[in-house]
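Structure data (PDB, C-alpha atoms, pLDDT in the B column) from data24.pdb:
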```pdb
MODEL        1
ATOM      1  CA  MET K   1     -14.694 -57.955 -79.158  1.00 45.00           C
ATOM      2  CA  ARG K   2     -17.941 -56.044 -78.650  1.00 48.00           C
ATOM      3  CA  TRP K   3     -19.973 -59.055 -79.795  1.00 49.00           C
ATOM      4  CA  LYS K   4     -18.088 -61.361 -77.463  1.00 47.00           C
ATOM      5  CA  ARG K   5     -18.500 -59.072 -74.470  1.00 48.00           C
ATOM      6  CA  THR K   6     -22.248 -58.823 -75.080  1.00 45.00           C
ATOM      7  CA  ASN K   7     -22.471 -62.581 -75.384  1.00 47.00           C
ATOM      8  CA  ILE K   8     -20.879 -63.077 -71.974  1.00 44.00           C
ATOM      9  CA  THR K   9     -23.289 -60.593 -70.416  1.00 48.00           C
ATOM     10  CA  ASN K  10     -26.274 -62.388 -71.961  1.00 49.00           C
ATOM     11  CA  GLU K  11     -25.021 -65.724 -70.662  1.00 50.00           C
ATOM     12  CA  GLN K  12     -24.476 -64.436 -67.140  1.00 53.00           C
ATOM     13  CA  GLY K  13     -27.786 -62.545 -66.935  1.00 53.00           C
ATOM     14  CA  PRO K  14     -30.117 -65.569 -66.526  1.00 56.00           C
ATOM     15  CA  ALA K  15     -27.649 -67.253 -64.160  1.00 53.00           C
ATOM     16  CA  LEU K  16     -27.510 -64.132 -62.012  1.00 49.00           C
ATOM     17  CA  LYS K  17     -31.305 -63.897 -62.046  1.00 52.00           C
ATOM     18  CA  VAL K  18     -31.635 -67.523 -60.953  1.00 49.00           C
ATOM     19  CA  LYS K  19     -29.087 -66.959 -58.178  1.00 52.00           C
ATOM     20  CA  LEU K  20     -30.957 -63.934 -56.855  1.00 46.00           C
ATOM     21  CA  THR K  21     -34.248 -65.854 -57.012  1.00 58.00           C
ATOM     22  CA  VAL K  22     -32.759 -68.752 -55.049  1.00 50.00           C
ATOM     23  CA  GLU K  23     -31.317 -66.391 -52.442  1.00 61.00           C
ATOM     24  CA  GLY K  24     -34.697 -64.682 -52.153  1.00 63.00           C
ATOM     25  CA  LYS K  25     -36.412 -68.019 -51.556  1.00 67.00           C
ATOM     26  CA  ASP K  26     -33.813 -68.930 -48.955  1.00 68.00           C
ATOM     27  CA  ALA K  27     -34.485 -65.642 -47.156  1.00 69.00           C
ATOM     28  CA  VAL K  28     -38.228 -66.354 -47.122  1.00 72.00           C
ATOM     29  CA  LYS K  29     -37.600 -69.843 -45.742  1.00 71.00           C
ATOM     30  CA  LEU K  30     -35.343 -68.395 -43.062  1.00 71.00           C
ATOM     31  CA  VAL K  31     -38.001 -65.893 -41.997  1.00 70.00           C
ATOM     32  CA  LYS K  32     -40.687 -68.585 -41.912  1.00 72.00           C
ATOM     33  CA  LYS K  33     -38.474 -70.923 -39.897  1.00 72.00           C
ATOM     34  CA  HIS K  34     -37.609 -68.260 -37.308  1.00 74.00           C
ATOM     35  CA  PHE K  35     -40.749 -66.168 -37.612  1.00 82.00           C
ATOM     36  CA  LEU K  36     -41.135 -65.554 -33.866  1.00 84.00           C
ATOM     37  CA  LEU K  37     -37.547 -64.355 -33.565  1.00 88.00           C
ATOM     38  CA  PHE K  38     -37.980 -61.865 -36.395  1.00 89.00           C
ATOM     39  CA  LEU K  39     -41.352 -60.762 -35.026  1.00 91.00           C
ATOM     40  CA  ASN K  40     -39.895 -60.097 -31.588  1.00 92.00           C
ATOM     41  CA  LEU K  41     -36.905 -58.327 -33.115  1.00 92.00           C
ATOM     42  CA  PHE K  42     -39.317 -56.109 -35.044  1.00 94.00           C
ATOM     43  CA  PHE K  43     -41.157 -55.103 -31.855  1.00 94.00           C
ATOM     44  CA  PHE K  44     -37.853 -54.492 -30.062  1.00 94.00           C
ATOM     45  CA  LEU K  45     -36.446 -52.255 -32.806  1.00 93.00           C
ATOM     46  CA  SER K  46     -39.774 -50.460 -33.219  1.00 94.00           C
ATOM     47  CA  GLY K  47     -39.686 -49.689 -29.514  1.00 92.00           C
ATOM     48  CA  MET K  48     -36.177 -48.283 -29.822  1.00 90.00           C
ATOM     49  CA  LEU K  49     -37.263 -46.003 -32.656  1.00 91.00           C
ATOM     50  CA  GLY K  50     -40.309 -44.886 -30.680  1.00 90.00           C
ATOM     51  CA  GLY K  51     -38.141 -44.235 -27.628  1.00 86.00           C
ATOM     52  CA  ILE K  52     -35.750 -42.069 -29.622  1.00 85.00           C
ATOM     53  CA  LEU K  53     -38.644 -39.957 -30.895  1.00 84.00           C
ATOM     54  CA  PHE K  54     -40.257 -39.814 -27.453  1.00 81.00           C
ATOM     55  CA  SER K  55     -37.025 -38.747 -25.738  1.00 75.00           C
ATOM     56  CA  ARG K  56     -37.017 -35.430 -27.619  1.00 71.00           C
ATOM     57  CA  ASN K  57     -39.615 -34.077 -25.178  1.00 68.00           C
ATOM     58  CA  LEU K  58     -38.426 -35.916 -22.068  1.00 65.00           C
ATOM     59  CA  HIS K  59     -36.961 -34.053 -19.069  1.00 65.00           C
ATOM     60  CA  GLN K  60     -34.205 -35.212 -16.726  1.00 61.00           C
ATOM     61  CA  GLU K  61     -36.666 -35.701 -13.861  1.00 62.00           C
ATOM     62  CA  ALA K  62     -38.869 -38.000 -15.918  1.00 61.00           C
ATOM     63  CA  LEU K  63     -35.882 -40.023 -17.094  1.00 60.00           C
ATOM     64  CA  SER K  64     -34.609 -40.429 -13.529  1.00 56.00           C
ATOM     65  CA  GLY K  65     -37.946 -41.955 -12.623  1.00 56.00           C
ATOM     66  CA  LEU K  66     -37.365 -44.687 -15.222  1.00 54.00           C
ATOM     67  CA  ASP K  67     -33.880 -45.563 -14.035  1.00 51.00           C
ATOM     68  CA  PHE K  68     -34.989 -48.730 -12.251  1.00 50.00           C
ATOM     69  CA  LEU K  69     -36.217 -50.108 -15.571  1.00 49.00           C
ATOM     70  CA  PHE K  70     -33.561 -48.844 -17.965  1.00 51.00           C
ATOM     71  CA  GLN K  71     -30.499 -47.406 -16.118  1.00 54.00           C
ATOM     72  CA  ALA K  72     -30.617 -44.611 -18.656  1.00 54.00           C
ATOM     73  CA  THR K  73     -28.875 -41.737 -16.909  1.00 57.00           C
ATOM     74  CA  VAL K  74     -25.156 -41.207 -16.485  1.00 62.00           C
ATOM     75  CA  GLN K  75     -25.545 -41.102 -12.702  1.00 64.00           C
ATOM     76  CA  SER K  76     -26.974 -44.631 -12.619  1.00 64.00           C
ATOM     77  CA  ARG K  77     -23.705 -45.921 -14.084  1.00 69.00           C
ATOM     78  CA  LYS K  78     -21.367 -44.411 -11.502  1.00 70.00           C
ATOM     79  CA  GLY K  79     -21.884 -46.828  -8.628  1.00 72.00           C
ATOM     80  CA  SER K  80     -19.749 -49.800  -7.633  1.00 80.00           C
ATOM     81  CA  VAL K  81     -19.554 -52.933  -9.771  1.00 84.00           C
ATOM     82  CA  GLY K  82     -21.947 -54.751  -7.437  1.00 87.00           C
ATOM     83  CA  THR K  83     -24.447 -51.902  -7.411  1.00 86.00           C
ATOM     84  CA  VAL K  84     -24.553 -51.537 -11.200  1.00 85.00           C
ATOM     85  CA  PHE K  85     -24.716 -55.318 -11.653  1.00 91.00           C
ATOM     86  CA  ALA K  86     -27.623 -55.652  -9.216  1.00 89.00           C
ATOM     87  CA  ALA K  87     -29.551 -52.759 -10.796  1.00 85.00           C
ATOM     88  CA  SER K  88     -28.985 -54.021 -14.337  1.00 87.00           C
ATOM     89  CA  PHE K  89     -29.894 -57.617 -13.527  1.00 91.00           C
ATOM     90  CA  ALA K  90     -32.990 -56.564 -11.558  1.00 89.00           C
ATOM     91  CA  SER K  91     -34.197 -54.603 -14.572  1.00 86.00           C
ATOM     92  CA  SER K  92     -33.609 -57.535 -16.934  1.00 90.00           C
ATOM     93  CA  PHE K  93     -35.170 -60.008 -14.514  1.00 93.00           C
ATOM     94  CA  LEU K  94     -38.378 -57.988 -14.370  1.00 92.00           C
ATOM     95  CA  PHE K  95     -38.894 -58.183 -18.130  1.00 93.00           C
ATOM     96  CA  LEU K  96     -37.875 -61.845 -18.294  1.00 95.00           C
ATOM     97  CA  PHE K  97     -40.231 -62.713 -15.452  1.00 95.00           C
ATOM     98  CA  LEU K  98     -43.104 -61.072 -17.326  1.00 94.00           C
ATOM     99  CA  CYS K  99     -42.283 -63.175 -20.394  1.00 95.00           C
ATOM    100  CA  PHE K 100     -42.140 -66.284 -18.207  1.00 96.00           C
ATOM    101  CA  LEU K 101     -45.591 -65.594 -16.756  1.00 95.00           C
ATOM    102  CA  PHE K 102     -47.132 -64.704 -20.113  1.00 95.00           C
ATOM    103  CA  GLY K 103     -45.804 -67.961 -21.540  1.00 93.00           C
ATOM    104  CA  LEU K 104     -47.976 -69.831 -19.045  1.00 93.00           C
ATOM    105  CA  ALA K 105     -51.100 -67.875 -19.986  1.00 90.00           C
ATOM    106  CA  LEU K 106     -53.640 -68.789 -22.648  1.00 86.00           C
ATOM    107  CA  TRP K 107     -53.349 -65.417 -24.390  1.00 87.00           C
ATOM    108  CA  GLY K 108     -49.723 -64.832 -23.415  1.00 88.00           C
ATOM    109  CA  PHE K 109     -48.497 -64.936 -27.013  1.00 88.00           C
ATOM    110  CA  LEU K 110     -50.377 -61.659 -27.545  1.00 90.00           C
ATOM    111  CA  LEU K 111     -49.023 -60.022 -24.389  1.00 91.00           C
ATOM    112  CA  THR K 112     -45.347 -60.876 -24.866  1.00 93.00           C
ATOM    113  CA  PRO K 113     -44.469 -58.616 -27.861  1.00 93.00           C
ATOM    114  CA  PRO K 114     -45.437 -55.410 -25.965  1.00 93.00           C
ATOM    115  CA  VAL K 115     -42.835 -56.358 -23.335  1.00 93.00           C
ATOM    116  CA  LEU K 116     -40.161 -56.252 -26.023  1.00 93.00           C
ATOM    117  CA  PHE K 117     -41.552 -53.015 -27.384  1.00 95.00           C
ATOM    118  CA  PHE K 118     -41.418 -51.385 -23.941  1.00 91.00           C
ATOM    119  CA  ARG K 119     -37.853 -52.565 -23.375  1.00 91.00           C
ATOM    120  CA  GLY K 120     -36.882 -51.152 -26.759  1.00 91.00           C
ATOM    121  CA  VAL K 121     -38.511 -47.855 -25.824  1.00 89.00           C
ATOM    122  CA  GLY K 122     -36.231 -47.683 -22.795  1.00 84.00           C
ATOM    123  CA  LEU K 123     -33.088 -48.117 -24.866  1.00 86.00           C
ATOM    124  CA  GLY K 124     -34.326 -45.581 -27.396  1.00 88.00           C
ATOM    125  CA  VAL K 125     -35.125 -43.076 -24.668  1.00 84.00           C
ATOM    126  CA  ALA K 126     -31.644 -43.515 -23.210  1.00 81.00           C
ATOM    127  CA  SER K 127     -29.879 -42.949 -26.523  1.00 83.00           C
ATOM    128  CA  GLY K 128     -32.096 -40.036 -27.530  1.00 81.00           C
ATOM    129  CA  TYR K 129     -31.751 -38.292 -24.188  1.00 78.00           C
ATOM    130  CA  LEU K 130     -27.989 -38.731 -23.986  1.00 79.00           C
ATOM    131  CA  TYR K 131     -27.646 -37.255 -27.458  1.00 80.00           C
ATOM    132  CA  ALA K 132     -29.968 -34.340 -26.693  1.00 76.00           C
ATOM    133  CA  ALA K 133     -28.201 -33.578 -23.403  1.00 74.00           C
ATOM    134  CA  TYR K 134     -24.549 -34.250 -24.271  1.00 78.00           C
ATOM    135  CA  HIS K 135     -24.446 -34.519 -28.084  1.00 83.00           C
ATOM    136  CA  PHE K 136     -21.506 -36.513 -29.454  1.00 87.00           C
ATOM    137  CA  LYS K 137     -20.102 -37.279 -26.016  1.00 85.00           C
ATOM    138  CA  GLY K 138     -23.459 -38.668 -24.935  1.00 82.00           C
ATOM    139  CA  ILE K 139     -23.706 -40.943 -27.975  1.00 86.00           C
ATOM    140  CA  LEU K 140     -20.132 -42.131 -27.406  1.00 89.00           C
ATOM    141  CA  PHE K 141     -20.990 -42.939 -23.780  1.00 87.00           C
ATOM    142  CA  TYR K 142     -24.087 -44.826 -24.930  1.00 86.00           C
ATOM    143  CA  CYS K 143     -22.212 -46.863 -27.546  1.00 89.00           C
ATOM    144  CA  VAL K 144     -19.242 -47.712 -25.321  1.00 89.00           C
ATOM    145  CA  VAL K 145     -20.837 -48.136 -21.888  1.00 87.00           C
ATOM    146  CA  VAL K 146     -24.569 -48.768 -22.308  1.00 86.00           C
ATOM    147  CA  LEU K 147     -25.087 -50.497 -25.652  1.00 89.00           C
ATOM    148  CA  PRO K 148     -22.954 -53.694 -25.333  1.00 91.00           C
ATOM    149  CA  GLY K 149     -24.785 -54.973 -22.258  1.00 90.00           C
ATOM    150  CA  ALA K 150     -28.117 -53.732 -23.593  1.00 89.00           C
ATOM    151  CA  LEU K 151     -27.711 -55.733 -26.804  1.00 91.00           C
ATOM    152  CA  VAL K 152     -26.903 -58.930 -24.899  1.00 93.00           C
ATOM    153  CA  CYS K 153     -29.894 -58.316 -22.635  1.00 92.00           C
ATOM    154  CA  GLY K 154     -32.052 -57.650 -25.696  1.00 92.00           C
ATOM    155  CA  ALA K 155     -30.978 -60.967 -27.213  1.00 94.00           C
ATOM    156  CA  ALA K 156     -31.875 -62.746 -23.971  1.00 95.00           C
ATOM    157  CA  LEU K 157     -35.278 -61.081 -23.908  1.00 95.00           C
ATOM    158  CA  ILE K 158     -36.002 -61.954 -27.560  1.00 94.00           C
ATOM    159  CA  LEU K 159     -35.146 -65.608 -26.901  1.00 94.00           C
ATOM    160  CA  ALA K 160     -37.312 -65.599 -23.775  1.00 95.00           C
ATOM    161  CA  ALA K 161     -40.206 -64.055 -25.682  1.00 94.00           C
ATOM    162  CA  ARG K 162     -39.950 -66.690 -28.400  1.00 93.00           C
ATOM    163  CA  GLU K 163     -40.064 -69.489 -25.843  1.00 94.00           C
ATOM    164  CA  ALA K 164     -42.969 -67.856 -24.038  1.00 94.00           C
ATOM    165  CA  MET K 165     -44.961 -67.429 -27.257  1.00 93.00           C
ATOM    166  CA  ARG K 166     -44.341 -71.032 -28.290  1.00 92.00           C
ATOM    167  CA  THR K 167     -45.497 -72.364 -24.942  1.00 93.00           C
ATOM    168  CA  SER K 168     -48.513 -70.084 -24.765  1.00 93.00           C
ATOM    169  CA  ARG K 169     -49.559 -71.157 -28.250  1.00 90.00           C
ATOM    170  CA  SER K 170     -49.184 -74.828 -27.275  1.00 91.00           C
ATOM    171  CA  ILE K 171     -51.391 -74.258 -24.233  1.00 90.00           C
ATOM    172  CA  GLY K 172     -53.991 -72.517 -26.372  1.00 86.00           C
ATOM    173  CA  ARG K 173     -54.057 -75.415 -28.832  1.00 86.00           C
ATOM    174  CA  GLY K 174     -54.226 -78.010 -26.092  1.00 83.00           C
ATOM    175  CA  GLU K 175     -50.880 -79.497 -27.145  1.00 86.00           C
ATOM    176  CA  HIS K 176     -48.444 -81.236 -24.845  1.00 86.00           C
ATOM    177  CA  TRP K 177     -45.670 -79.060 -23.391  1.00 88.00           C
ATOM    178  CA  ASN K 178     -42.916 -79.685 -20.872  1.00 91.00           C
ATOM    179  CA  MET K 179     -42.817 -77.418 -17.815  1.00 93.00           C
ATOM    180  CA  LYS K 180     -39.379 -78.668 -16.794  1.00 93.00           C
ATOM    181  CA  LEU K 181     -37.919 -77.913 -20.223  1.00 94.00           C
ATOM    182  CA  TYR K 182     -39.605 -74.507 -20.173  1.00 94.00           C
ATOM    183  CA  CYS K 183     -37.935 -73.659 -16.851  1.00 95.00           C
ATOM    184  CA  VAL K 184     -34.555 -74.974 -18.015  1.00 95.00           C
ATOM    185  CA  ARG K 185     -34.663 -72.787 -21.130  1.00 94.00           C
ATOM    186  CA  PHE K 186     -35.571 -69.739 -19.091  1.00 96.00           C
ATOM    187  CA  GLY K 187     -32.729 -70.615 -16.747  1.00 95.00           C
ATOM    188  CA  GLY K 188     -30.363 -70.413 -19.714  1.00 95.00           C
ATOM    189  CA  VAL K 189     -31.829 -67.042 -20.664  1.00 96.00           C
ATOM    190  CA  LEU K 190     -31.296 -65.814 -17.093  1.00 95.00           C
ATOM    191  CA  ILE K 191     -27.626 -66.797 -17.342  1.00 96.00           C
ATOM    192  CA  LEU K 192     -27.382 -64.749 -20.538  1.00 96.00           C
ATOM    193  CA  ALA K 193     -29.056 -61.817 -18.765  1.00 95.00           C
ATOM    194  CA  ALA K 194     -26.585 -62.143 -15.894  1.00 95.00           C
ATOM    195  CA  GLY K 195     -23.766 -61.963 -18.454  1.00 95.00           C
ATOM    196  CA  ALA K 196     -25.336 -58.785 -19.838  1.00 94.00           C
ATOM    197  CA  ALA K 197     -25.534 -57.294 -16.335  1.00 92.00           C
ATOM    198  CA  LEU K 198     -21.897 -58.205 -15.676  1.00 94.00           C
ATOM    199  CA  THR K 199     -20.903 -56.553 -18.965  1.00 93.00           C
ATOM    200  CA  ASP K 200     -22.836 -53.471 -17.877  1.00 89.00           C
ATOM    201  CA  ALA K 201     -21.117 -53.392 -14.508  1.00 90.00           C
ATOM    202  CA  VAL K 202     -17.574 -53.916 -15.798  1.00 91.00           C
ATOM    203  CA  LEU K 203     -17.879 -51.348 -18.590  1.00 90.00           C
ATOM    204  CA  SER K 204     -19.474 -48.816 -16.261  1.00 86.00           C
ATOM    205  CA  PHE K 205     -16.752 -49.296 -13.655  1.00 86.00           C
ATOM    206  CA  CYS K 206     -13.872 -49.158 -16.150  1.00 87.00           C
ATOM    207  CA  LEU K 207     -15.093 -46.511 -18.596  1.00 84.00           C
ATOM    208  CA  SER K 208     -17.588 -44.212 -16.879  1.00 78.00           C
ATOM    209  CA  GLY K 209     -14.766 -42.308 -15.238  1.00 75.00           C
ATOM    210  CA  LEU K 210     -13.421 -41.356 -18.661  1.00 78.00           C
ATOM    211  CA  PHE K 211     -16.507 -39.239 -19.316  1.00 74.00           C
ATOM    212  CA  SER K 212     -17.147 -35.939 -17.599  1.00 71.00           C
ATOM    213  CA  PHE K 213     -20.632 -34.502 -17.953  1.00 61.00           C
TER     214      PHE K 213
ENDMDL
END
```

Translate this file's structure into C-alpha cells.
Amino acid sequence: MRWKRTNITNEQGPALKVKLTVEGKDAVKLVKKHFLLFLNLFFFLSGMLGGILFSRNLHQEALSGLDFLFQATVQSRKGSVGTVFAASFASSFLFLFLCFLFGLALWGFLLTPPVLFFRGVGLGVASGYLYAAYHFKGILFYCVVVLPGALVCGAALILAAREAMRTSRSIGRGEHWNMKLYCVRFGGVLILAAGAALTDAVLSFCLSGLFSF
C-alpha cells in the first residue's frame, strides 16, 4: 500500500506542476491584455493605502476642507437624498472630467494615473479618519454607507482612465482615433458614476440615521 500511494503522488506531481505553470501563463496573459486596468488599479489602491497612513495625523478641520472632493465626514452624509447625490456626483464628475481632458492631451497618459492615486487617497483618508475618530463604529459606517458607492465610482474612474490613456497614446503615436466614440464611452462612464452617486445618496438617507456619533 505504501508503494502504491507513493506511485500515485509521483504521477500527480508533474501533472500538478504543469497545471500551475499553465495557470501562471494565463495570469501573465491576462495582465498583459488588461495592463492599463491593472496599472490604474495599482495607483488607486496605492492611493488608498497612502490616505490611510496620512489620515493618522489629519484633524477634523482639514478633513472638512476636503469634503467637496471626498464626502469623507459623517456630517456630509446627513443631508437629503438630492443633496448627497449632487455632492457625490459633482465630486466624481470632477475626476472624470480631468481624465477626459488628459485623454485629449499628448502627454495625458502620464497625467491620468495621479488622478486615480489622488482619488484613492481620499477614500483612504476617509476610512482612516473614521476609524481613528469612532473606532469600530466608524469602520462599520464606512463599510455600510461610504464604501459601496465609492467602489462603483472607483470602477468608473479606472475605466475612464484606461480610455483616456489609450486615446492619449494614440494621439502621441499619430494614430487614428474616434472623438465620437471617445465621448460615447465617457458618457457610459458618467452613467456608472451617476449610479454610484445614487447608491451613495440612498444608503446615506436610509442608514446614516442608524449611527450616532

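Our summary of the geometry notes that CA of Ser91 in chain K is positioned 9.2 Å from CA of Ala197 in chain K.
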
(request) Work out how far CA of Lys78 in chain K is from CA of Val202 in chain K, in Å to one decimal. (result) 11.1 Å

(request) Would you write out, as a list in words, every residue that the PyMOL selection byres ((chain K and resi 201) around 6) captures in this file? (result) Val81, Val84, Phe85, Leu198, Thr199, Asp200, Val202, Leu203 and Ser204 of chain K

On this structure, the PyMOL selection byres ((chain K and resi 105) around 9) would catch which residues? List them as a JSON list (two decimals) with C-alpha atoms, in the coordinates of the input, sorted by chain and number.
```json
[["chain", "number", "residue", "atom", "x", "y", "z"],
["K", 101, "LEU", "CA", -45.59, -65.59, -16.76],
["K", 102, "PHE", "CA", -47.13, -64.70, -20.11],
["K", 103, "GLY", "CA", -45.80, -67.96, -21.54],
["K", 104, "LEU", "CA", -47.98, -69.83, -19.05],
["K", 106, "LEU", "CA", -53.64, -68.79, -22.65],
["K", 107, "TRP", "CA", -53.35, -65.42, -24.39],
["K", 108, "GLY", "CA", -49.72, -64.83, -23.42],
["K", 109, "PHE", "CA", -48.50, -64.94, -27.01],
["K", 167, "THR", "CA", -45.50, -72.36, -24.94],
["K", 168, "SER", "CA", -48.51, -70.08, -24.76],
["K", 171, "ILE", "CA", -51.39, -74.26, -24.23],
["K", 172, "GLY", "CA", -53.99, -72.52, -26.37]]
```

(message) Which residues are close to range 117-130 of chain K, i.e. within 6 Å by only C-alpha atoms, leaving aside same-chain residues fewer than 4 positions away? Reply as a list in words.
(response) Phe43, Phe44, Gly47, Met48, Gly50, Gly51, Ile52, Ser55, Phe70, Ala72, Tyr134 and Gly138 of chain K

If you apply the PyMOL selection byres ((chain K and resi 113) around 10) to this file, what residues do you get, as an mmCIF file with C-alpha atoms, keeping the file's coordinate frame?
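Resulting contents of expr.cif:
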```cif
data_model
loop_
_atom_site.group_PDB
_atom_site.id
_atom_site.type_symbol
_atom_site.label_atom_id
_atom_site.label_comp_id
_atom_site.auth_asym_id
_atom_site.auth_seq_id
_atom_site.Cartn_x
_atom_site.Cartn_y
_atom_site.Cartn_z
ATOM 1 C CA LEU K 36 -41.135 -65.554 -33.866
ATOM 2 C CA LEU K 39 -41.352 -60.762 -35.026
ATOM 3 C CA ASN K 40 -39.895 -60.097 -31.588
ATOM 4 C CA LEU K 41 -36.905 -58.327 -33.115
ATOM 5 C CA PHE K 42 -39.317 -56.109 -35.044
ATOM 6 C CA PHE K 43 -41.157 -55.103 -31.855
ATOM 7 C CA PHE K 44 -37.853 -54.492 -30.062
ATOM 8 C CA CYS K 99 -42.283 -63.175 -20.394
ATOM 9 C CA GLY K 108 -49.723 -64.832 -23.415
ATOM 10 C CA PHE K 109 -48.497 -64.936 -27.013
ATOM 11 C CA LEU K 110 -50.377 -61.659 -27.545
ATOM 12 C CA LEU K 111 -49.023 -60.022 -24.389
ATOM 13 C CA THR K 112 -45.347 -60.876 -24.866
ATOM 14 C CA PRO K 114 -45.437 -55.410 -25.965
ATOM 15 C CA VAL K 115 -42.835 -56.358 -23.335
ATOM 16 C CA LEU K 116 -40.161 -56.252 -26.023
ATOM 17 C CA PHE K 117 -41.552 -53.015 -27.384
ATOM 18 C CA PHE K 118 -41.418 -51.385 -23.941
ATOM 19 C CA ILE K 158 -36.002 -61.954 -27.560
ATOM 20 C CA ALA K 161 -40.206 -64.055 -25.682
ATOM 21 C CA ARG K 162 -39.950 -66.690 -28.400
ATOM 22 C CA MET K 165 -44.961 -67.429 -27.257
#
```

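For the atom pair formed by CA of Ser92 in chain K and CA of Asn178 in chain K, the distance is 24.3 Å, given to one decimal.
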
(request) Could you tell me which of K:Cys183, K:Leu96, K:Leu210, K:Leu53 comes closest to Val145 in chain K if we count all atoms listed in the file? (result)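 Of K:Cys183, K:Leu96, K:Leu210, K:Leu53, the one nearest Val145 in chain K, counting all atoms listed in the file, is K:Leu210.
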
Just need the box for range 111-114 of chain K, edges along x, y and z, holding every atom the file lists for it with 8 Å tacked onto each side, so centre and edge lengths in Å to one decimal, as JSON.
```
{"center_x": -46.7, "center_y": -58.1, "center_z": -26.1, "size_x": 20.6, "size_y": 21.5, "size_z": 19.5}
```

Working from the structure I just supplied, which lacks atoms in range 197-203 of chain K, can you model all heavy atoms there and output them as a PDB file, in the frame of the given file?
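Output contents, as saved in rebuild-v4.pdb:
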```
ATOM      1  N   ALA K 197     -25.670 -58.160 -17.508  1.00 92.00           N
ATOM      2  CA  ALA K 197     -25.534 -57.294 -16.335  1.00 92.00           C
ATOM      3  C   ALA K 197     -24.068 -57.158 -15.918  1.00 92.00           C
ATOM      4  O   ALA K 197     -23.619 -56.070 -15.526  1.00 92.00           O
ATOM      5  CB  ALA K 197     -26.364 -57.839 -15.179  1.00 92.00           C
ATOM      6  N   LEU K 198     -23.324 -58.255 -16.011  1.00 94.00           N
ATOM      7  CA  LEU K 198     -21.897 -58.205 -15.676  1.00 94.00           C
ATOM      8  C   LEU K 198     -21.145 -57.317 -16.671  1.00 94.00           C
ATOM      9  O   LEU K 198     -20.264 -56.537 -16.281  1.00 94.00           O
ATOM     10  CB  LEU K 198     -21.318 -59.617 -15.688  1.00 94.00           C
ATOM     11  CG  LEU K 198     -19.844 -59.743 -15.301  1.00 94.00           C
ATOM     12  CD1 LEU K 198     -19.620 -59.237 -13.878  1.00 94.00           C
ATOM     13  CD2 LEU K 198     -19.374 -61.193 -15.436  1.00 94.00           C
ATOM     14  N   THR K 199     -21.495 -57.426 -17.946  1.00 93.00           N
ATOM     15  CA  THR K 199     -20.903 -56.553 -18.965  1.00 93.00           C
ATOM     16  C   THR K 199     -21.188 -55.095 -18.648  1.00 93.00           C
ATOM     17  O   THR K 199     -20.302 -54.231 -18.729  1.00 93.00           O
ATOM     18  CB  THR K 199     -21.456 -56.901 -20.360  1.00 93.00           C
ATOM     19  OG1 THR K 199     -21.178 -58.277 -20.648  1.00 93.00           O
ATOM     20  CG2 THR K 199     -20.840 -56.015 -21.437  1.00 93.00           C
ATOM     21  N   ASP K 200     -22.437 -54.822 -18.284  1.00 89.00           N
ATOM     22  CA  ASP K 200     -22.836 -53.471 -17.877  1.00 89.00           C
ATOM     23  C   ASP K 200     -21.960 -52.960 -16.733  1.00 89.00           C
ATOM     24  O   ASP K 200     -21.447 -51.835 -16.759  1.00 89.00           O
ATOM     25  CB  ASP K 200     -24.299 -53.486 -17.417  1.00 89.00           C
ATOM     26  CG  ASP K 200     -25.212 -52.814 -18.427  1.00 89.00           C
ATOM     27  OD1 ASP K 200     -24.707 -52.215 -19.394  1.00 89.00           O
ATOM     28  OD2 ASP K 200     -26.432 -52.882 -18.239  1.00 89.00           O
ATOM     29  N   ALA K 201     -21.826 -53.806 -15.717  1.00 90.00           N
ATOM     30  CA  ALA K 201     -21.117 -53.392 -14.508  1.00 90.00           C
ATOM     31  C   ALA K 201     -19.638 -53.138 -14.781  1.00 90.00           C
ATOM     32  O   ALA K 201     -19.073 -52.136 -14.329  1.00 90.00           O
ATOM     33  CB  ALA K 201     -21.282 -54.461 -13.422  1.00 90.00           C
ATOM     34  N   VAL K 202     -19.015 -54.041 -15.527  1.00 91.00           N
ATOM     35  CA  VAL K 202     -17.574 -53.916 -15.798  1.00 91.00           C
ATOM     36  C   VAL K 202     -17.296 -52.690 -16.665  1.00 91.00           C
ATOM     37  O   VAL K 202     -16.382 -51.900 -16.382  1.00 91.00           O
ATOM     38  CB  VAL K 202     -17.045 -55.194 -16.471  1.00 91.00           C
ATOM     39  CG1 VAL K 202     -15.618 -54.996 -16.962  1.00 91.00           C
ATOM     40  CG2 VAL K 202     -17.107 -56.370 -15.513  1.00 91.00           C
ATOM     41  N   LEU K 203     -18.085 -52.499 -17.713  1.00 90.00           N
ATOM     42  CA  LEU K 203     -17.879 -51.348 -18.590  1.00 90.00           C
ATOM     43  C   LEU K 203     -18.150 -50.038 -17.853  1.00 90.00           C
ATOM     44  O   LEU K 203     -17.429 -49.047 -18.045  1.00 90.00           O
ATOM     45  CB  LEU K 203     -18.781 -51.456 -19.823  1.00 90.00           C
ATOM     46  CG  LEU K 203     -18.427 -52.549 -20.830  1.00 90.00           C
ATOM     47  CD1 LEU K 203     -19.429 -52.581 -21.972  1.00 90.00           C
ATOM     48  CD2 LEU K 203     -17.014 -52.340 -21.379  1.00 90.00           C
TER      49      LEU K 203
END
```
